[in-house]
Amino acid sequence: EGDEDASTVSLLGLQLCFDLMDSGDQAFVSAVAQEMPKTQEGSDIVSKRLEQAQRILVGGFSAELALSFLHKQSHADRLILENLKRSLEERSSGSSRNSVLHGAAVVTHAYLYAGTTNDSFLRDYLDWMKKASNWAKFSATASLGVVHAAHIGEAMHLLQPYLPKTPEGADASAVSPTGGYAEGGSLYALGLIHGSNVGSSAVKRQETTEYLRNHLRISHANEVISHGASLGVGLTAMGTADLAIVQELKQVLDTDSAVAGGAA
């Protein structure tokens with residue numbers, strides 16, 4: 001009877017960890033995880049439960065479950081996108097109208113496959129996706145973050161072709177003031193991948209936050225990249241109550257750039 005009661009209490013504790021994580025208060029969850037003992041000498045069972053609790057709170061277990069469920073249960077009909085793409089190609093006339101319709105189709109794809117990691121349609125029609133220009137290119141690249149939401153382990157690999165290069169010595173003067181739509185969109189996509197699920201890995205989220213903060217500091221010359229970095233940092237650091245990040249975003253706001261300041 002004692003073992004049964006202990007098991008019930010342990011399961012209740014794990015459920016409380018899920019409930020705490022679902023609250024979305026990263027600062028509080030991190031504080032609880034830090035105060036919680038990692039092991040208990042003389043009891044392998046309790047140590048295992050404590051390890052499981054840590055994995056739920058800051059190890060990304062909930063995000064892994066959500067990602068697995070959405071991937072396995074995705075019943076999106078690719079034929080819808082095939083017909084939409086063909087219809088737009090037949091009806092589009094004029095570059096401006098074509099650009100708007102193309103952007104709408106890319107967003108449709110993002111919603112249809114949100115969180116499933118299934119981007120086979122875009123990969124099969126990569127040349128069609130590359131027709132996007134300017135802010136449409138920003139949105140198209142960012143849409144990868146919607147499709148791969150919570151796919152934290154492969155985030156950097158997936159977005160590597162689009163991520164901005166870090167100048168040698170973090171020299172801000174080496175950042176081009178023009179272009180940067182795909183680069184800015186990829187930074188936003190990083191934020192969407194890591195910030196879309198409150199149960200994502202705290203370590204991975206912290207690493208990505210630092211990566212985005214680095215680009216935030218050196219990209220003031222390019223307001224598009226600053227825009228993407230600001231959005232990305234806001235998502236990865238959401239709920240952390242980190243005043244240092246707040247100050248960095250405030251510096252972007254003080255640059256008087258409508259594009260970068262709006263995101264900050």
# chains A, B, ... in the order shown; residues from 1 in each chain; ligands from 1

call {"tool": "residues_around", "arguments": {"residues": "A:Val224", "least_positions_apart": "2", "cutoff": "9 Å", "atoms": "only C-alpha atoms", "output": "list in words"}}
result
Trp135, Phe138, Pro177, Thr178, Gly179, Gly180, Tyr181, Glu183, Gly184, Gly185, Ser219, Asn222, Ser226, His227, Gly228, Ala229, Val259 and Ala260 of chain A

call {"tool": "write_last_selection", "arguments": {"atoms": "N, CA, C and O atoms", "output": "PDB file, in the first residue's frame"}}
result
ATOM      1  N   TRP A 135       9.443  41.747 -49.019  1.00  0.00           N
ATOM      2  CA  TRP A 135       8.805  41.267 -47.792  1.00  0.00           C
ATOM      3  C   TRP A 135       8.084  39.946 -47.983  1.00  0.00           C
ATOM      4  O   TRP A 135       7.881  39.193 -47.026  1.00  0.00           O
ATOM      5  N   PHE A 138      10.600  37.499 -47.068  1.00  0.00           N
ATOM      6  CA  PHE A 138      10.702  37.452 -45.604  1.00  0.00           C
ATOM      7  C   PHE A 138       9.637  36.512 -45.042  1.00  0.00           C
ATOM      8  O   PHE A 138       9.925  35.627 -44.230  1.00  0.00           O
ATOM      9  N   PRO A 177      23.407  47.285 -45.612  1.00  0.00           N
ATOM     10  CA  PRO A 177      22.168  47.981 -45.254  1.00  0.00           C
ATOM     11  C   PRO A 177      21.001  47.651 -46.172  1.00  0.00           C
ATOM     12  O   PRO A 177      19.867  48.045 -45.912  1.00  0.00           O
ATOM     13  N   THR A 178      21.254  46.933 -47.254  1.00  0.00           N
ATOM     14  CA  THR A 178      20.180  46.606 -48.202  1.00  0.00           C
ATOM     15  C   THR A 178      19.914  45.106 -48.211  1.00  0.00           C
ATOM     16  O   THR A 178      20.752  44.300 -47.807  1.00  0.00           O
ATOM     17  N   GLY A 179      18.740  44.738 -48.738  1.00  0.00           N
ATOM     18  CA  GLY A 179      18.375  43.330 -48.837  1.00  0.00           C
ATOM     19  C   GLY A 179      18.132  42.722 -47.471  1.00  0.00           C
ATOM     20  O   GLY A 179      17.645  43.375 -46.546  1.00  0.00           O
ATOM     21  N   GLY A 180      18.472  41.447 -47.335  1.00  0.00           N
ATOM     22  CA  GLY A 180      18.349  40.779 -46.043  1.00  0.00           C
ATOM     23  C   GLY A 180      16.970  40.227 -45.741  1.00  0.00           C
ATOM     24  O   GLY A 180      16.691  39.880 -44.591  1.00  0.00           O
ATOM     25  N   TYR A 181      16.107  40.108 -46.760  1.00  0.00           N
ATOM     26  CA  TYR A 181      14.737  39.646 -46.497  1.00  0.00           C
ATOM     27  C   TYR A 181      14.704  38.168 -46.115  1.00  0.00           C
ATOM     28  O   TYR A 181      14.010  37.785 -45.174  1.00  0.00           O
ATOM     29  N   GLU A 183      17.269  36.514 -44.895  1.00  0.00           N
ATOM     30  CA  GLU A 183      18.007  36.406 -43.633  1.00  0.00           C
ATOM     31  C   GLU A 183      17.133  36.822 -42.446  1.00  0.00           C
ATOM     32  O   GLU A 183      17.087  36.140 -41.418  1.00  0.00           O
ATOM     33  N   GLY A 184      16.437  37.945 -42.597  1.00  0.00           N
ATOM     34  CA  GLY A 184      15.547  38.392 -41.523  1.00  0.00           C
ATOM     35  C   GLY A 184      14.423  37.407 -41.277  1.00  0.00           C
ATOM     36  O   GLY A 184      14.064  37.116 -40.123  1.00  0.00           O
ATOM     37  N   GLY A 185      13.878  36.848 -42.353  1.00  0.00           N
ATOM     38  CA  GLY A 185      12.810  35.854 -42.212  1.00  0.00           C
ATOM     39  C   GLY A 185      13.282  34.597 -41.515  1.00  0.00           C
ATOM     40  O   GLY A 185      12.548  33.988 -40.735  1.00  0.00           O
ATOM     41  N   SER A 219      23.243  44.103 -36.304  1.00  0.00           N
ATOM     42  CA  SER A 219      22.476  44.281 -37.552  1.00  0.00           C
ATOM     43  C   SER A 219      21.727  45.600 -37.621  1.00  0.00           C
ATOM     44  O   SER A 219      20.804  45.741 -38.416  1.00  0.00           O
ATOM     45  N   ASN A 222      20.978  47.146 -41.000  1.00  0.00           N
ATOM     46  CA  ASN A 222      19.972  46.547 -41.879  1.00  0.00           C
ATOM     47  C   ASN A 222      18.676  46.382 -41.097  1.00  0.00           C
ATOM     48  O   ASN A 222      18.567  45.499 -40.245  1.00  0.00           O
ATOM     49  N   SER A 226      17.253  43.369 -38.536  1.00  0.00           N
ATOM     50  CA  SER A 226      16.912  43.784 -37.169  1.00  0.00           C
ATOM     51  C   SER A 226      15.463  43.453 -36.846  1.00  0.00           C
ATOM     52  O   SER A 226      15.144  43.047 -35.719  1.00  0.00           O
ATOM     53  N   HIS A 227      14.598  43.615 -37.816  1.00  0.00           N
ATOM     54  CA  HIS A 227      13.174  43.294 -37.656  1.00  0.00           C
ATOM     55  C   HIS A 227      13.011  41.804 -37.328  1.00  0.00           C
ATOM     56  O   HIS A 227      12.324  41.435 -36.360  1.00  0.00           O
ATOM     57  N   GLY A 228      13.648  40.950 -38.117  1.00  0.00           N
ATOM     58  CA  GLY A 228      13.554  39.509 -37.891  1.00  0.00           C
ATOM     59  C   GLY A 228      14.187  39.073 -36.580  1.00  0.00           C
ATOM     60  O   GLY A 228      13.637  38.239 -35.858  1.00  0.00           O
ATOM     61  N   ALA A 229      15.357  39.664 -36.258  1.00  0.00           N
ATOM     62  CA  ALA A 229      16.038  39.316 -35.009  1.00  0.00           C
ATOM     63  C   ALA A 229      15.216  39.744 -33.800  1.00  0.00           C
ATOM     64  O   ALA A 229      15.148  39.019 -32.798  1.00  0.00           O
ATOM     65  N   VAL A 259      10.680  50.122 -39.323  1.00  0.00           N
ATOM     66  CA  VAL A 259      10.646  48.684 -39.573  1.00  0.00           C
ATOM     67  C   VAL A 259      11.208  47.905 -38.392  1.00  0.00           C
ATOM     68  O   VAL A 259      10.551  47.008 -37.838  1.00  0.00           O
ATOM     69  N   ALA A 260      12.419  48.217 -37.969  1.00  0.00           N
ATOM     70  CA  ALA A 260      13.051  47.512 -36.862  1.00  0.00           C
ATOM     71  C   ALA A 260      12.364  47.851 -35.536  1.00  0.00           C
ATOM     72  O   ALA A 260      12.146  46.974 -34.704  1.00  0.00           O
TER      73      ALA A 260
END

call {"tool": "select_by_dssp", "arguments": {"residues": "stretch 48-208 of chain A", "states": "helix (DSSP H, G or I)", "output": "number ranges by chain"}}
result
A: 48-58, 61-72, 78-91, 95-112, 120-124, 126-129, 135-147, 152-159, 168-170, 172-174, 181-195, 202-208

call {"tool": "closest_residue", "arguments": {"among": "A:His215, A:Leu243, A:Ile225, A:Met238", "to": "A:Ala263", "atoms": "only C-alpha atoms"}}
result
A:Ile225

call {"tool": "residues_around", "arguments": {"residues": "A:Ser196", "least_positions_apart": "6", "cutoff": "10 Å", "atoms": "only C-alpha atoms", "output": "VMD selection string"}}
result
chain A and resid 63 115 145 to 146 148 to 151 190 235 to 236

call {"tool": "closest_residue", "arguments": {"among": "A:Ser257, A:Leu70, A:Ser201, A:Ile245", "to": "A:Arg55", "atoms": "only C-alpha atoms"}}
result
A:Ser201

call {"tool": "decode", "arguments": {"residues": "stretch 60-163 of chain A", "atoms": "C-alpha atoms", "output": "CSV table (one decimal), in the first residue's frame"}}
result
chain,number,residue,atom,x,y,z
A,60,GLY,CA,11.5,19.8,-23.9
A,61,PHE,CA,9.6,16.6,-23.3
A,62,SER,CA,6.2,18.3,-23.9
A,63,ALA,CA,7.4,19.9,-27.2
A,64,GLU,CA,8.6,16.5,-28.3
A,65,LEU,CA,5.2,14.9,-27.6
A,66,ALA,CA,3.4,17.7,-29.5
A,67,LEU,CA,5.7,17.5,-32.5
A,68,SER,CA,5.3,13.7,-32.7
A,69,PHE,CA,1.6,13.9,-32.5
A,70,LEU,CA,1.2,16.6,-35.2
A,71,HIS,CA,3.6,14.8,-37.5
A,72,LYS,CA,1.8,11.4,-37.2
A,73,GLN,CA,-1.7,12.7,-37.2
A,74,SER,CA,-1.3,15.2,-40.1
A,75,HIS,CA,-4.0,14.5,-42.8
A,76,ALA,CA,-3.4,17.6,-44.9
A,77,ASP,CA,-4.3,17.1,-48.5
A,78,ARG,CA,-1.4,18.0,-50.7
A,79,LEU,CA,-3.8,18.1,-53.7
A,80,ILE,CA,-5.3,21.3,-52.4
A,81,LEU,CA,-2.0,23.1,-52.7
A,82,GLU,CA,-1.3,21.5,-56.1
A,83,ASN,CA,-4.6,22.8,-57.4
A,84,LEU,CA,-4.1,26.2,-55.8
A,85,LYS,CA,-0.7,26.6,-57.3
A,86,ARG,CA,-1.9,25.6,-60.8
A,87,SER,CA,-4.9,27.9,-60.5
A,88,LEU,CA,-2.8,30.9,-59.5
A,89,GLU,CA,-0.4,30.3,-62.3
A,90,GLU,CA,-3.3,30.2,-64.8
A,91,ARG,CA,-5.1,33.3,-63.5
A,92,SER,CA,-2.2,35.5,-62.5
A,93,SER,CA,-1.5,38.4,-64.8
A,94,GLY,CA,0.8,41.3,-63.9
A,95,SER,CA,3.8,41.1,-61.5
A,96,SER,CA,2.1,42.9,-58.5
A,97,ARG,CA,-1.0,40.7,-58.5
A,98,ASN,CA,1.1,37.6,-59.0
A,99,SER,CA,3.3,38.5,-56.0
A,100,VAL,CA,0.3,38.9,-53.7
A,101,LEU,CA,-1.3,35.6,-54.8
A,102,HIS,CA,2.0,33.8,-54.5
A,103,GLY,CA,2.4,35.1,-50.9
A,104,ALA,CA,-1.1,34.0,-50.0
A,105,ALA,CA,-0.3,30.5,-51.3
A,106,VAL,CA,2.9,30.3,-49.2
A,107,VAL,CA,1.0,31.3,-46.1
A,108,THR,CA,-1.7,28.8,-46.9
A,109,HIS,CA,1.0,26.1,-47.0
A,110,ALA,CA,2.3,27.2,-43.6
A,111,TYR,CA,-1.1,27.0,-42.0
A,112,LEU,CA,-2.0,23.7,-43.6
A,113,TYR,CA,1.2,22.0,-42.4
A,114,ALA,CA,1.8,24.0,-39.2
A,115,GLY,CA,3.9,22.0,-36.7
A,116,THR,CA,4.0,18.8,-38.8
A,117,THR,CA,7.6,19.3,-40.2
A,118,ASN,CA,6.2,18.3,-43.6
A,119,ASP,CA,7.7,20.8,-46.1
A,120,SER,CA,7.9,18.4,-49.0
A,121,PHE,CA,5.7,20.6,-51.2
A,122,LEU,CA,8.0,23.6,-50.9
A,123,ARG,CA,11.1,21.4,-51.5
A,124,ASP,CA,9.5,20.0,-54.6
A,125,TYR,CA,8.6,23.5,-55.9
A,126,LEU,CA,11.7,25.3,-54.6
A,127,ASP,CA,12.0,27.4,-57.8
A,128,TRP,CA,8.3,28.4,-57.4
A,129,MET,CA,8.9,29.5,-53.8
A,130,LYS,CA,12.0,31.6,-54.8
A,131,LYS,CA,9.7,33.8,-56.9
A,132,ALA,CA,8.9,35.7,-53.7
A,133,SER,CA,10.7,39.0,-53.4
A,134,ASN,CA,11.2,41.7,-50.7
A,135,TRP,CA,8.8,41.3,-47.8
A,136,ALA,CA,7.1,38.3,-49.5
A,137,LYS,CA,10.5,36.6,-49.3
A,138,PHE,CA,10.7,37.5,-45.6
A,139,SER,CA,7.3,35.9,-45.0
A,140,ALA,CA,8.1,32.8,-47.2
A,141,THR,CA,11.3,32.1,-45.2
A,142,ALA,CA,9.5,32.7,-41.9
A,143,SER,CA,6.8,30.3,-42.9
A,144,LEU,CA,9.3,27.5,-42.5
A,145,GLY,CA,9.3,28.3,-38.8
A,146,VAL,CA,5.5,27.6,-38.7
A,147,VAL,CA,5.8,24.3,-40.5
A,148,HIS,CA,8.7,23.2,-38.3
A,149,ALA,CA,7.3,24.6,-35.0
A,150,ALA,CA,9.0,22.9,-32.0
A,151,HIS,CA,11.4,21.0,-34.3
A,152,ILE,CA,14.2,22.3,-32.2
A,153,GLY,CA,16.8,19.7,-32.8
A,154,GLU,CA,17.0,20.4,-36.5
A,155,ALA,CA,16.3,24.2,-36.5
A,156,MET,CA,19.7,25.5,-37.3
A,157,HIS,CA,20.3,22.8,-40.0
A,158,LEU,CA,17.0,23.5,-41.7
A,159,LEU,CA,17.5,27.3,-41.8
A,160,GLN,CA,21.3,27.2,-42.5
A,161,PRO,CA,20.9,28.2,-46.2
A,162,TYR,CA,19.0,31.4,-45.2
A,163,LEU,CA,20.6,32.5,-41.9
